Each structure stands twice: as structure tokens, then as C-alpha cells.
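File shown: coords33.cif. Contents: mmCIF, C-alpha atoms (C1' of nucleotides).
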```cif
data_protein
#
loop_
_atom_site.label_atom_id
_atom_site.label_comp_id
_atom_site.auth_asym_id
_atom_site.auth_seq_id
_atom_site.Cartn_x
_atom_site.Cartn_y
_atom_site.Cartn_z
CA MET A 1358 -63.44 -33.14 -220.86
CA LYS A 1359 -66.03 -35.12 -218.96
CA LEU A 1360 -68.14 -38.10 -219.71
CA ASP A 1361 -71.17 -36.11 -218.73
CA PRO A 1362 -73.46 -36.06 -221.79
CA VAL A 1363 -74.30 -32.41 -221.35
CA ASN A 1364 -70.63 -31.42 -221.36
CA ILE A 1365 -69.89 -33.56 -224.37
CA LEU A 1366 -72.65 -31.88 -226.33
CA LYS A 1367 -71.54 -28.41 -225.33
CA GLU A 1368 -67.97 -29.08 -226.31
CA HIS A 1369 -69.04 -30.03 -229.79
CA ASP A 1370 -71.48 -27.18 -230.28
CA LEU A 1371 -74.49 -29.43 -230.30
CA LYS A 1372 -77.82 -28.45 -228.90
CA HIS A 1373 -78.84 -30.13 -225.71
CA THR A 1374 -81.88 -32.26 -226.43
CA LYS A 1375 -83.21 -35.14 -224.39
CA GLN A 1376 -82.89 -37.50 -227.36
CA ARG A 1377 -79.19 -36.78 -227.77
CA VAL A 1378 -78.56 -37.18 -224.09
CA ARG A 1379 -80.38 -40.51 -224.02
CA VAL A 1380 -78.34 -41.86 -226.91
CA LEU A 1381 -75.09 -40.82 -225.29
CA GLU A 1382 -76.16 -42.38 -222.02
CA GLU A 1383 -76.96 -45.68 -223.69
CA ILE A 1384 -73.65 -45.81 -225.52
CA ALA A 1385 -71.69 -44.82 -222.43
CA LEU A 1386 -73.28 -47.56 -220.34
CA ASP A 1387 -70.68 -50.07 -221.41
CA THR A 1388 -67.16 -50.05 -222.74
CA VAL A 1389 -68.39 -52.63 -225.20
CA ALA A 1390 -69.75 -51.14 -228.40
CA ILE A 1391 -73.49 -51.26 -228.87
CA SER A 1392 -75.09 -52.15 -232.17
CA GLN A 1393 -77.57 -50.06 -234.08
CA PRO A 1394 -80.34 -52.68 -233.67
CA GLU A 1395 -79.73 -52.83 -229.94
CA LEU A 1396 -79.91 -49.08 -229.64
CA GLU A 1397 -83.07 -49.07 -231.66
CA LYS A 1398 -84.64 -51.72 -229.48
CA LYS A 1399 -83.74 -49.87 -226.29
CA LEU A 1400 -84.66 -46.39 -227.46
CA GLY A 1401 -87.29 -47.14 -230.08
CA LYS A 1402 -90.14 -46.06 -227.84
CA GLU A 1403 -88.56 -42.79 -226.84
CA ILE A 1404 -86.78 -41.81 -230.01
CA ASP A 1405 -87.81 -42.06 -233.61
CA ARG A 1406 -85.85 -44.39 -235.85
CA VAL A 1407 -84.83 -41.62 -238.18
CA THR A 1408 -83.76 -39.34 -235.37
CA LEU A 1409 -81.54 -42.08 -234.05
CA TYR A 1410 -79.83 -42.41 -237.43
CA ARG A 1411 -79.27 -38.70 -237.57
CA ILE A 1412 -77.96 -38.43 -234.06
CA LEU A 1413 -75.53 -41.27 -234.61
CA ASN A 1414 -74.28 -39.73 -237.85
CA THR A 1415 -73.79 -36.41 -236.15
CA TYR A 1416 -71.88 -38.02 -233.31
CA GLU A 1417 -69.63 -39.84 -235.69
CA GLU A 1418 -68.90 -36.74 -237.74
CA LYS A 1419 -68.12 -34.79 -234.61
CA GLY A 1420 -65.79 -37.48 -233.37
CA ILE A 1421 -67.88 -38.27 -230.33
CA VAL A 1422 -68.40 -41.93 -231.14
CA HIS A 1423 -66.65 -44.59 -233.16
CA ARG A 1424 -68.57 -46.57 -235.70
CA ILE A 1425 -67.33 -50.10 -236.12
CA MET A 1426 -68.72 -52.54 -238.65
CA ASP A 1427 -69.07 -56.13 -237.62
CA LEU A 1428 -68.94 -59.17 -239.87
CA ASN A 1429 -72.56 -58.78 -240.81
CA GLY A 1430 -72.17 -55.18 -241.87
CA THR A 1431 -74.05 -53.96 -238.83
CA ALA A 1432 -72.94 -50.67 -237.35
CA ASN A 1433 -71.73 -50.69 -233.77
CA TYR A 1434 -71.05 -47.61 -231.69
CA ALA A 1435 -68.71 -46.85 -228.87
CA LEU A 1436 -67.59 -43.67 -227.18
CA CYS A 1437 -64.40 -42.22 -228.54
CA SER A 1438 -61.54 -41.69 -226.21
CA SER A 1439 -60.79 -38.09 -225.44
CA ALA A 1440 -58.04 -38.17 -228.06
CA CYS A 1441 -60.64 -38.03 -230.80
CA SER A 1442 -61.79 -34.81 -232.35
CA GLU A 1443 -63.77 -33.77 -235.37
CA ASP A 1444 -61.00 -33.87 -237.92
CA HIS A 1445 -58.80 -36.44 -236.34
CA HIS A 1446 -60.07 -39.71 -234.97
CA HIS A 1447 -57.85 -41.56 -232.59
CA ASP A 1448 -55.33 -43.20 -234.90
CA GLU A 1449 -54.23 -46.22 -232.98
CA HIS A 1450 -57.25 -48.28 -232.25
CA VAL A 1451 -57.88 -51.99 -232.02
CA HIS A 1452 -61.35 -53.39 -231.96
CA PHE A 1453 -62.05 -56.93 -231.00
CA ASN A 1454 -65.12 -58.56 -232.47
CA CYS A 1455 -66.14 -61.73 -230.66
CA THR A 1456 -67.38 -64.19 -233.23
CA THR A 1457 -69.33 -66.09 -230.59
CA CYS A 1458 -71.37 -63.46 -228.81
CA GLY A 1459 -70.90 -60.75 -231.42
CA LYS A 1460 -69.79 -58.09 -228.97
CA ILE A 1461 -67.23 -55.55 -229.99
CA TYR A 1462 -64.62 -54.45 -227.50
CA CYS A 1463 -62.33 -51.48 -227.77
CA LEU A 1464 -58.93 -52.74 -226.72
CA GLU A 1465 -56.47 -50.38 -225.14
CA VAL A 1466 -53.42 -51.92 -226.68
CA THR A 1467 -50.89 -50.38 -228.97
CA VAL A 1468 -51.13 -51.37 -232.59
CA PRO A 1469 -47.95 -52.84 -233.95
CA LYS A 1470 -46.83 -51.17 -237.13
CA ILE A 1471 -47.87 -53.13 -240.13
CA LYS A 1472 -45.42 -52.97 -242.96
CA MET A 1473 -47.24 -51.42 -245.88
CA PRO A 1474 -46.40 -52.18 -249.49
CA ALA A 1475 -44.78 -49.33 -251.38
CA GLY A 1476 -47.20 -46.51 -252.07
CA PHE A 1477 -49.72 -47.43 -249.43
CA THR A 1478 -50.22 -45.08 -246.53
CA ALA A 1479 -51.92 -46.35 -243.44
CA LYS A 1480 -53.18 -42.94 -242.54
CA THR A 1481 -55.74 -44.13 -240.09
CA VAL A 1482 -54.72 -47.47 -238.74
CA ASN A 1483 -57.98 -48.78 -237.51
CA THR A 1484 -57.74 -52.49 -236.94
CA THR A 1485 -60.41 -54.97 -236.14
CA THR A 1486 -59.56 -58.42 -234.97
CA TYR A 1487 -61.88 -61.36 -234.65
CA GLY A 1488 -61.83 -64.10 -232.10
CA THR A 1489 -63.34 -65.13 -228.82
CA CYS A 1490 -63.77 -62.76 -225.93
CA GLU A 1491 -63.03 -63.52 -222.31
CA LYS A 1492 -66.62 -64.28 -221.34
CA CYS A 1493 -67.15 -66.67 -224.22
CA ASN A 1494 -63.80 -68.31 -223.56
CA ALA A 1495 -64.85 -68.87 -219.97
CA LEU A 1496 -68.10 -70.43 -221.09
CA ILE A 1497 -66.31 -72.69 -223.54
CA ALA A 1498 -63.84 -73.75 -220.89
CA ALA A 1499 -66.64 -74.49 -218.43
CA SER A 1500 -68.55 -76.67 -220.86
CA ALA A 1501 -65.47 -78.61 -221.94
CA MET B 1178 -55.08 -76.20 -257.27
CA LYS B 1179 -55.63 -73.90 -260.20
CA LEU B 1180 -57.28 -70.57 -260.61
CA ASP B 1181 -59.37 -72.05 -263.35
CA PRO B 1182 -63.01 -71.59 -262.31
CA VAL B 1183 -63.98 -75.08 -263.44
CA ASN B 1184 -61.29 -76.65 -261.28
CA ILE B 1185 -62.20 -74.55 -258.30
CA LEU B 1186 -65.80 -75.64 -258.53
CA LYS B 1187 -64.86 -79.31 -258.87
CA GLU B 1188 -62.56 -79.20 -255.90
CA HIS B 1189 -65.37 -77.94 -253.74
CA ASP B 1190 -68.03 -80.33 -255.02
CA LEU B 1191 -70.03 -77.59 -256.65
CA LYS B 1192 -71.95 -78.03 -259.85
CA HIS B 1193 -70.52 -76.32 -262.85
CA THR B 1194 -73.02 -73.69 -263.98
CA LYS B 1195 -72.34 -70.74 -266.18
CA GLN B 1196 -73.51 -68.34 -263.50
CA ARG B 1197 -71.01 -69.67 -260.99
CA VAL B 1198 -68.23 -69.53 -263.50
CA ARG B 1199 -69.07 -65.95 -264.40
CA VAL B 1200 -69.02 -64.85 -260.79
CA LEU B 1201 -65.67 -66.48 -260.19
CA GLU B 1202 -64.27 -64.90 -263.32
CA GLU B 1203 -65.38 -61.45 -262.26
CA ILE B 1204 -63.91 -61.82 -258.79
CA ALA B 1205 -60.66 -63.24 -260.14
CA LEU B 1206 -60.19 -60.35 -262.59
CA ASP B 1207 -58.42 -58.29 -260.00
CA THR B 1208 -56.50 -58.84 -256.81
CA VAL B 1209 -58.56 -56.00 -255.43
CA ALA B 1210 -61.76 -57.10 -253.79
CA ILE B 1211 -64.95 -56.33 -255.67
CA SER B 1212 -68.04 -55.06 -253.94
CA GLN B 1213 -71.48 -56.60 -254.05
CA PRO B 1214 -72.98 -53.58 -255.86
CA GLU B 1215 -70.23 -53.67 -258.47
CA LEU B 1216 -70.78 -57.35 -259.07
CA GLU B 1217 -74.47 -56.74 -259.37
CA LYS B 1218 -73.94 -53.97 -261.86
CA LYS B 1219 -71.60 -56.06 -263.96
CA LEU B 1220 -73.57 -59.28 -263.87
CA GLY B 1221 -77.09 -58.02 -263.34
CA LYS B 1222 -78.12 -58.71 -266.87
CA GLU B 1223 -76.80 -62.22 -266.96
CA ILE B 1224 -77.47 -63.34 -263.45
CA ASP B 1225 -80.44 -62.78 -261.20
CA ARG B 1226 -79.91 -60.71 -258.09
CA VAL B 1227 -80.99 -63.51 -255.81
CA THR B 1228 -78.79 -66.06 -257.53
CA LEU B 1229 -75.82 -63.80 -257.03
CA TYR B 1230 -76.50 -63.62 -253.31
CA ARG B 1231 -76.75 -67.37 -253.11
CA ILE B 1232 -73.60 -68.00 -255.12
CA LEU B 1233 -71.60 -65.58 -253.02
CA ASN B 1234 -72.85 -67.15 -249.83
CA THR B 1235 -71.94 -70.58 -251.09
CA TYR B 1236 -68.47 -69.45 -252.08
CA GLU B 1237 -67.87 -67.93 -248.71
CA GLU B 1238 -69.04 -71.02 -246.86
CA LYS B 1239 -66.83 -73.21 -249.00
CA GLY B 1240 -63.84 -70.98 -248.40
CA ILE B 1241 -63.50 -69.98 -252.04
CA VAL B 1242 -63.82 -66.28 -251.43
CA HIS B 1243 -63.25 -63.87 -248.58
CA ARG B 1244 -65.96 -61.48 -247.57
CA ILE B 1245 -64.67 -58.18 -246.27
CA MET B 1246 -66.90 -55.45 -244.93
CA ASP B 1247 -65.97 -51.90 -245.76
CA LEU B 1248 -66.70 -48.82 -243.69
CA ASN B 1249 -70.18 -48.55 -245.12
CA GLY B 1250 -71.11 -52.10 -244.25
CA THR B 1251 -70.98 -53.16 -247.87
CA ALA B 1252 -69.72 -56.64 -248.59
CA ASN B 1253 -66.62 -56.98 -250.74
CA TYR B 1254 -65.34 -60.21 -252.19
CA ALA B 1255 -61.91 -61.47 -253.11
CA LEU B 1256 -60.52 -64.87 -253.97
CA CYS B 1257 -59.07 -66.78 -251.07
CA SER B 1258 -55.51 -67.89 -251.23
CA SER B 1259 -55.04 -71.61 -251.61
CA ALA B 1260 -54.49 -71.86 -247.88
CA CYS B 1261 -58.20 -71.42 -247.26
CA SER B 1262 -60.55 -74.33 -246.94
CA GLU B 1263 -64.08 -74.89 -245.80
CA ASP B 1264 -63.42 -75.17 -242.11
CA HIS B 1265 -60.34 -73.05 -241.90
CA HIS B 1266 -60.04 -69.67 -243.50
CA HIS B 1267 -56.57 -68.31 -243.93
CA ASP B 1268 -55.80 -66.98 -240.50
CA GLU B 1269 -53.23 -64.34 -241.14
CA HIS B 1270 -54.74 -61.82 -243.45
CA VAL B 1271 -54.49 -58.09 -243.78
CA HIS B 1272 -56.97 -56.12 -245.80
CA PHE B 1273 -56.39 -52.57 -246.77
CA ASN B 1274 -59.42 -50.40 -247.30
CA CYS B 1275 -58.67 -47.19 -249.17
CA THR B 1276 -60.78 -44.46 -247.68
CA THR B 1277 -60.48 -42.38 -250.82
CA CYS B 1278 -61.45 -44.72 -253.64
CA GLY B 1279 -63.05 -47.35 -251.44
CA LYS B 1280 -61.11 -50.25 -252.90
CA ILE B 1281 -60.09 -53.13 -250.72
CA TYR B 1282 -56.72 -54.76 -251.25
CA CYS B 1283 -55.53 -58.05 -249.86
CA LEU B 1284 -52.04 -57.41 -248.59
CA GLU B 1285 -49.54 -60.20 -248.57
CA VAL B 1286 -47.85 -59.12 -245.41
CA THR B 1287 -47.54 -60.97 -242.17
CA VAL B 1288 -49.76 -59.81 -239.37
CA PRO B 1289 -47.83 -58.70 -236.35
CA LYS B 1290 -49.00 -60.34 -233.19
CA ILE B 1291 -51.29 -58.07 -231.28
CA LYS B 1292 -51.05 -58.46 -227.54
CA MET B 1293 -54.47 -59.53 -226.34
CA PRO B 1294 -55.80 -58.72 -222.91
CA ALA B 1295 -56.11 -61.66 -220.56
CA GLY B 1296 -58.90 -64.00 -221.55
CA PHE B 1297 -59.19 -62.86 -225.13
CA THR B 1298 -58.26 -65.27 -227.86
CA ALA B 1299 -57.56 -63.93 -231.31
CA LYS B 1300 -58.54 -67.16 -232.95
CA THR B 1301 -58.91 -65.72 -236.37
CA VAL B 1302 -56.76 -62.67 -236.68
CA ASN B 1303 -58.38 -60.95 -239.56
CA THR B 1304 -57.23 -57.38 -239.66
CA THR B 1305 -58.47 -54.55 -241.77
CA THR B 1306 -56.54 -51.34 -241.99
CA TYR B 1307 -57.73 -48.06 -243.44
CA GLY B 1308 -55.76 -45.48 -245.29
CA THR B 1309 -54.85 -44.34 -248.77
CA CYS B 1310 -53.84 -46.75 -251.51
CA GLU B 1311 -50.98 -46.28 -253.95
CA LYS B 1312 -53.16 -45.01 -256.78
CA CYS B 1313 -54.90 -42.43 -254.64
CA ASN B 1314 -51.61 -41.40 -253.10
CA ALA B 1315 -50.24 -40.82 -256.58
CA LEU B 1316 -53.23 -38.71 -257.50
CA ILE B 1317 -52.93 -36.67 -254.34
CA ALA B 1318 -49.23 -36.12 -254.97
CA ALA B 1319 -49.91 -35.08 -258.55
CA SER B 1320 -52.53 -32.53 -257.59
CA ALA B 1321 -50.45 -31.04 -254.82
"C1'" DG C 673 -76.00 -90.94 -275.70
"C1'" DT C 674 -79.75 -90.39 -273.12
"C1'" DA C 675 -83.11 -90.66 -269.27
"C1'" DG C 676 -83.95 -89.49 -264.46
"C1'" DG C 677 -83.21 -87.27 -260.05
"C1'" DG C 678 -81.54 -83.63 -257.49
"C1'" DA C 679 -79.72 -79.24 -257.32
"C1'" DA C 680 -79.53 -74.36 -259.14
"C1'" DT C 681 -81.79 -70.65 -261.19
"C1'" DG C 682 -85.19 -67.02 -261.95
"C1'" DC C 683 -89.23 -64.74 -260.70
"C1'" DC C 684 -92.50 -63.52 -257.39
"C1'" DA C 685 -93.67 -61.57 -253.11
"C1'" DT C 686 -92.11 -59.99 -248.74
"C1'" DA C 687 -89.20 -58.22 -245.13
"C1'" DA C 688 -85.68 -55.45 -243.33
"C1'" DG C 689 -82.79 -51.42 -243.43
"C1'" DA C 690 -81.81 -46.69 -244.79
"C1'" DT C 691 -82.88 -42.09 -246.77
"C1'" DT C 692 -85.54 -37.77 -248.02
"C1'" DG C 693 -88.96 -33.94 -247.53
"C1'" DC C 694 -91.67 -31.39 -244.80
"C1'" DA C 695 -94.55 -29.64 -240.95
"C1'" DA C 696 -94.43 -29.04 -236.10
"C1'" DG C 697 -91.76 -28.56 -231.95
"C1'" DT C 698 -87.72 -27.21 -229.12
"C1'" DG C 699 -83.47 -24.96 -227.61
"C1'" DC C 700 -80.59 -20.99 -227.76
"C1'" DT C 701 -79.64 -15.96 -228.23
"C1'" DT C 702 -80.82 -11.33 -227.63
"C1'" DA D 305 -90.23 -13.10 -223.87
"C1'" DA D 306 -89.77 -13.40 -228.95
"C1'" DG D 307 -87.57 -14.89 -233.08
"C1'" DC D 308 -84.66 -17.80 -235.57
"C1'" DA D 309 -82.35 -21.83 -236.58
"C1'" DC D 310 -81.85 -26.37 -235.54
"C1'" DT D 311 -84.01 -30.74 -234.30
"C1'" DT D 312 -87.56 -34.00 -234.24
"C1'" DG D 313 -91.23 -37.12 -235.86
"C1'" DC D 314 -94.01 -38.84 -239.40
"C1'" DA D 315 -94.96 -40.36 -244.08
"C1'" DA D 316 -93.37 -41.79 -248.26
"C1'" DT D 317 -89.75 -43.73 -250.93
"C1'" DC D 318 -85.84 -46.43 -252.10
"C1'" DT D 319 -82.40 -49.76 -251.57
"C1'" DT D 320 -80.91 -54.06 -249.92
"C1'" DA D 321 -81.77 -58.79 -248.35
"C1'" DT D 322 -84.59 -63.06 -247.79
"C1'" DG D 323 -88.01 -67.02 -248.64
"C1'" DG D 324 -91.18 -69.91 -251.59
"C1'" DC D 325 -91.98 -72.24 -255.70
"C1'" DA D 326 -92.08 -73.66 -260.60
"C1'" DT D 327 -88.85 -74.32 -264.28
"C1'" DT D 328 -84.45 -75.34 -266.04
"C1'" DC D 329 -80.03 -77.33 -265.97
"C1'" DC D 330 -76.20 -80.36 -264.53
"C1'" DC D 331 -74.48 -84.73 -263.36
"C1'" DT D 332 -74.72 -89.71 -262.94
"C1'" DA D 333 -76.06 -94.25 -264.14
"C1'" DC D 334 -77.38 -97.04 -267.44
#
```

Represent the structure from my file as C-alpha cells, please.
Amino acid sequence: MKLDPVNILKEHDLKHTKQRVRVLEEIALDTVAISQPELEKKLGKEIDRVTLYRILNTYEEKGIVHRIMDLNGTANYALCSSACSEDHHHDEHVHFNCTTCGKIYCLEVTVPKIKMPAGFTAKTVNTTTYGTCEKCNALIAASA
Amino acid sequence: MKLDPVNILKEHDLKHTKQRVRVLEEIALDTVAISQPELEKKLGKEIDRVTLYRILNTYEEKGIVHRIMDLNGTANYALCSSACSEDHHHDEHVHFNCTTCGKIYCLEVTVPKIKMPAGFTAKTVNTTTYGTCEKCNALIAASA
DNA sequence: GTAGGGAATGCCATAAGATTGCAAGTGCTT
DNA sequence: AAGCACTTGCAATCTTATGGCATTCCCTAC
């Protein structure tokens, strides 16, 4: 289970194409999730818009990437941890959406159990919290 | 502080128009959040598409409604509790997005403190959890 | 009660974002 | 090396969102 794009593709029975590798590379560049528009801007000259959509959908279905929606309804993508697979995304996941810079971080913290009302099952507890990230906090502190 | 649409509008210095009242009525019909497409379908013949966008934006800015994004990036709206105001949305809020029927519930449970990594401030802890709601659970149980 | 001013609405056009069908190209297997 | 299936890129289409402007409507002052 490596972070090497070629291995990841093989493990999920996906054909090895240069477009797919490029997309994986871009997403893997940072632990911070990257937004669809950003990906499009970076890869738009190498990869067709539609292909990018399709690749991202495939990756999500296969459990290779997480798709996280930000406050504007824009899709953001981040690599899944190795615990994710096709039929079972990593259950305990906290995303942090900075409301200042817009970046989405995947936090490696345990999610406290939220008490559900009777009848509700939190099958996939996938929580997103909003606030200010460390970089933006530093900037705010500096300018104060 | 009433749930009467006319009062709500007055309290937020908004003109009383029939379109605004209708939108508030629709949203207030259910504790479950209603999606933009649903609203449009229900009100499309009375209210212009563009007007609906503008009204919803206004309501969100004024702190009258919450906007919650579902997994598809679609906006869903629900009435804010009385604790919300223009400059300070209710901080502790848990939304529950049913992955089966798509409905979004506003849960009246307290949000457990999530331990943030150093430097991160969870200014507005606005958590959304995904799973199966009581109705869908009942249906699943019945068909099993 | 009514006249006037400012805001809200509706319609138009336009932009941005997402999806589908199909022909051509590419990777994988034998 | 050849064939097949999958993938890609392009064009067309559709949905969703935004901006400008004339008309209408609400609220206030008189």
C-alpha cells in the first residue's frame, strides 16, 4: 500500500494512464484538500475538463480520494487514508474548513461520539468543522 | 421573537413582501431543511427564480436561516434558532444528512468538543454528520 | 388616505458549472 | 503484434447561478 500513483491505480484495477497519474500527483502534493477549480486550473492544459470530472468520480467511487464540500458547495479532494476501500470509507474523519483562506484540512483526531436521537444511525460519521486554520491565525495575530 | 413570518421580517428590518413571507412559510413547514431545488419547485410559479436566490441570500446574511450544503453541493435551508443573529450564527449546531433520502435534520444535541491541533481555532463549530435517518432506518428494518 | 422615494421583483441576457454521446486513441491481454 | 475494452477529448446540451434594468410594490411622511 504505497503512495506511488502507479501502485494505487493497480490496486484498484484501474488502467494506468498519464492523466490519472497526474491527477493523483496533484492531489497527493499536499495534505490539504484541493478544490475542483484549483485542479482544473493546474491541469486544464494537460487534461480535458470532462476527463477530470470522470477521473475524480472514479477515484471517489473506488475509495481513493475523499470528496469534501465546502461552504460554497465546491468539491474538494484529498487522498484517503489507507483505511479506505471501495465499499467502506474511513468512518472516523474530521475535516477542518478554514473560513478565512478556504483550505480544507484532514485532521487526524478521533471523533467524539455524538449522541444521536432515537432512530438515527450515524453510519458514516463524517464531520466537517469550520474555523480558522493555523496559518490564518498566525496572520491575524501578527496584524493585531 | 415569534415564528410568525411578519414578525421575523420586522425584527430584521426587512420589507414585508408576499414573496418573502411565502419563502419563510415554506422553510418553516418542517424542521427538516429544505433544498434549493425543492423550494424552486414549490414556489417556481409564484416567485421568480432570481428573486428566490436573492431572498435566500438575504435571509442567510441576516441570520434568519441556516444554509447547509449536502454531499452533492446543493444548498439546503432551515430556520435558525432564536439564538442566531446577523453577526453571530448559533455556534453549536449539528446537522444530520441522511445519505438514503437526502434529508437534512437539525439535531438539538450538544456538540462534543473536538480536540483541535495546535494553532487551529474552531471558531464556529458547525458539524454535519452523515448516516441514516429514523424514517429510512424504519424502512430498511421493514424490508429486511 | 395618499403621494413620493427607495427597495424588491421579474424578465432579460449572460456566465459558470456539470453532463451526455460519440469518434478517435491508448493500455492491457493473449 | 493484434484485438478488445476502456479511456480520452471534443462538441453539444442542460442545469445552475449571476448581473442589469424597467416596473411594481412597500413604507413613511404628510

* To do: Using all atoms listed in the file, select each residue of chain A with any atom at most 12 Å away from an atom of chain D, and give the selection as a ChimeraX atom specification.
  => /A:1370-1377,1403-1412,1415,1429-1430

Atoms kept (C-alpha atoms) for selection, written as a PDB file, keeping the file's coordinate frame:
```pdb
ATOM      1  CA  ASP A1370     -71.480 -27.180-230.280  1.00  0.00           C
ATOM      2  CA  LEU A1371     -74.490 -29.430-230.300  1.00  0.00           C
ATOM      3  CA  LYS A1372     -77.820 -28.450-228.900  1.00  0.00           C
ATOM      4  CA  HIS A1373     -78.840 -30.130-225.710  1.00  0.00           C
ATOM      5  CA  THR A1374     -81.880 -32.260-226.430  1.00  0.00           C
ATOM      6  CA  LYS A1375     -83.210 -35.140-224.390  1.00  0.00           C
ATOM      7  CA  GLN A1376     -82.890 -37.500-227.360  1.00  0.00           C
ATOM      8  CA  ARG A1377     -79.190 -36.780-227.770  1.00  0.00           C
ATOM      9  CA  GLU A1403     -88.560 -42.790-226.840  1.00  0.00           C
ATOM     10  CA  ILE A1404     -86.780 -41.810-230.010  1.00  0.00           C
ATOM     11  CA  ASP A1405     -87.810 -42.060-233.610  1.00  0.00           C
ATOM     12  CA  ARG A1406     -85.850 -44.390-235.850  1.00  0.00           C
ATOM     13  CA  VAL A1407     -84.830 -41.620-238.180  1.00  0.00           C
ATOM     14  CA  THR A1408     -83.760 -39.340-235.370  1.00  0.00           C
ATOM     15  CA  LEU A1409     -81.540 -42.080-234.050  1.00  0.00           C
ATOM     16  CA  TYR A1410     -79.830 -42.410-237.430  1.00  0.00           C
ATOM     17  CA  ARG A1411     -79.270 -38.700-237.570  1.00  0.00           C
ATOM     18  CA  ILE A1412     -77.960 -38.430-234.060  1.00  0.00           C
ATOM     19  CA  THR A1415     -73.790 -36.410-236.150  1.00  0.00           C
ATOM     20  CA  ASN A1429     -72.560 -58.780-240.810  1.00  0.00           C
ATOM     21  CA  GLY A1430     -72.170 -55.180-241.870  1.00  0.00           C
TER      22      GLY A1430
END
```

* Asked: At what distance in Å, to one decimal, does atom CA of A:His1450 lie from atom CA of A:Leu1413?
  -> 19.7 Å

* Asked: What separation in Å, quoted to one decimal, exists between atom CA of B:Thr1309 and atom CA of B:Asp1207?
  ->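 These atoms are spaced 18.3 Å apart.
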
* Name the residues in contact with B:Asn1274 at a cut-off of 9 Å, using all atoms listed in the file, excluding same-chain residues fewer than 2 positions from it; report them as a VMD selection string. => chain B and resid 1247 to 1248 1272 1276 to 1283 1305 to 1310

Once you have the residues from the selection above, write them out as an mmCIF file, keeping the file's coordinate frame, restricted to C-alpha atoms.
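Output (selection08.cif):
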```cif
data_model
loop_
_atom_site.group_PDB
_atom_site.id
_atom_site.type_symbol
_atom_site.label_atom_id
_atom_site.label_comp_id
_atom_site.auth_asym_id
_atom_site.auth_seq_id
_atom_site.Cartn_x
_atom_site.Cartn_y
_atom_site.Cartn_z
ATOM 1 C CA ASP B 1247 -65.970 -51.900 -245.760
ATOM 2 C CA LEU B 1248 -66.700 -48.820 -243.690
ATOM 3 C CA HIS B 1272 -56.970 -56.120 -245.800
ATOM 4 C CA THR B 1276 -60.780 -44.460 -247.680
ATOM 5 C CA THR B 1277 -60.480 -42.380 -250.820
ATOM 6 C CA CYS B 1278 -61.450 -44.720 -253.640
ATOM 7 C CA GLY B 1279 -63.050 -47.350 -251.440
ATOM 8 C CA LYS B 1280 -61.110 -50.250 -252.900
ATOM 9 C CA ILE B 1281 -60.090 -53.130 -250.720
ATOM 10 C CA TYR B 1282 -56.720 -54.760 -251.250
ATOM 11 C CA CYS B 1283 -55.530 -58.050 -249.860
ATOM 12 C CA THR B 1305 -58.470 -54.550 -241.770
ATOM 13 C CA THR B 1306 -56.540 -51.340 -241.990
ATOM 14 C CA TYR B 1307 -57.730 -48.060 -243.440
ATOM 15 C CA GLY B 1308 -55.760 -45.480 -245.290
ATOM 16 C CA THR B 1309 -54.850 -44.340 -248.770
ATOM 17 C CA CYS B 1310 -53.840 -46.750 -251.510
#
```

Could you build a table of the residues in chain B lying no more than 10 Å from chain A, giving for each the nearest pair of atoms and their separation in Å rounded to one decimal place, using only C-alpha atoms, ordered by chain and ascending residue number, as a tab-separated table?
```
residue	atom	partner	partner_atom	distance
B:Arg1244	CA	A:Leu1428	CA	8.6
B:Ile1245	CA	A:Leu1428	CA	7.8
B:Met1246	CA	A:Gly1430	CA	6.1
B:Asp1247	CA	A:Met1426	CA	7.7
B:Leu1248	CA	A:Met1426	CA	6.6
B:Asn1249	CA	A:Gly1430	CA	7.6
B:Gly1250	CA	A:Gly1430	CA	4.0
B:Thr1251	CA	A:Gly1430	CA	6.4
B:Ala1252	CA	A:Gly1430	CA	7.3
B:Val1271	CA	A:Ile1471	CA	9.0
B:His1272	CA	A:Thr1484	CA	9.6
B:Phe1273	CA	A:Ala1479	CA	8.4
B:Asn1274	CA	A:Ala1479	CA	9.4
B:Cys1275	CA	A:Ala1479	CA	8.9
B:Thr1276	CA	A:Thr1481	CA	9.1
B:Leu1284	CA	A:Pro1474	CA	7.7
B:Glu1285	CA	A:Pro1474	CA	8.7
B:Val1286	CA	A:Lys1472	CA	7.1
B:Thr1287	CA	A:Ile1471	CA	8.1
B:Val1288	CA	A:Ile1471	CA	7.0
B:Pro1289	CA	A:Pro1469	CA	6.3
B:Lys1290	CA	A:Pro1469	CA	7.6
B:Ile1291	CA	A:Pro1469	CA	6.8
B:Lys1292	CA	A:Val1466	CA	7.0
B:Met1293	CA	A:Val1466	CA	7.7
B:Pro1294	CA	A:Leu1464	CA	7.8
B:Ala1295	CA	A:Glu1491	CA	7.4
B:Gly1296	CA	A:Glu1491	CA	4.2
B:Phe1297	CA	A:Cys1490	CA	4.7
B:Thr1298	CA	A:Thr1489	CA	5.2
B:Ala1299	CA	A:Gly1488	CA	4.3
B:Lys1300	CA	A:Gly1488	CA	4.6
B:Thr1301	CA	A:Gly1488	CA	5.4
B:Val1302	CA	A:Thr1486	CA	5.4
B:Asn1303	CA	A:Thr1486	CA	5.4
B:Thr1304	CA	A:Thr1485	CA	5.3
B:Thr1305	CA	A:Thr1484	CA	5.3
B:Thr1306	CA	A:Thr1484	CA	5.3
B:Tyr1307	CA	A:Thr1481	CA	5.5
B:Gly1308	CA	A:Ala1479	CA	4.4
B:Thr1309	CA	A:Thr1478	CA	5.2
B:Cys1310	CA	A:Phe1477	CA	4.7
B:Glu1311	CA	A:Gly1476	CA	4.2
B:Lys1312	CA	A:Gly1476	CA	7.7
B:Cys1313	CA	A:Phe1477	CA	8.9
B:Asn1314	CA	A:Gly1476	CA	6.8
B:Ala1315	CA	A:Gly1476	CA	7.9
```

* Asked: How many Å separate atom CA of B:Ser1320 from atom CA of A:Glu1418?
  -> 26.1 Å

* Near-B:Val1242 list (8 Å; all atoms listed in the file; drop same-chain fewer than 4 positions) as a list in words ->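 Counting only the stated atoms, we get Leu1233, Tyr1236, Glu1237, Tyr1254, Ala1255, Leu1256 and Cys1257 of chain B.
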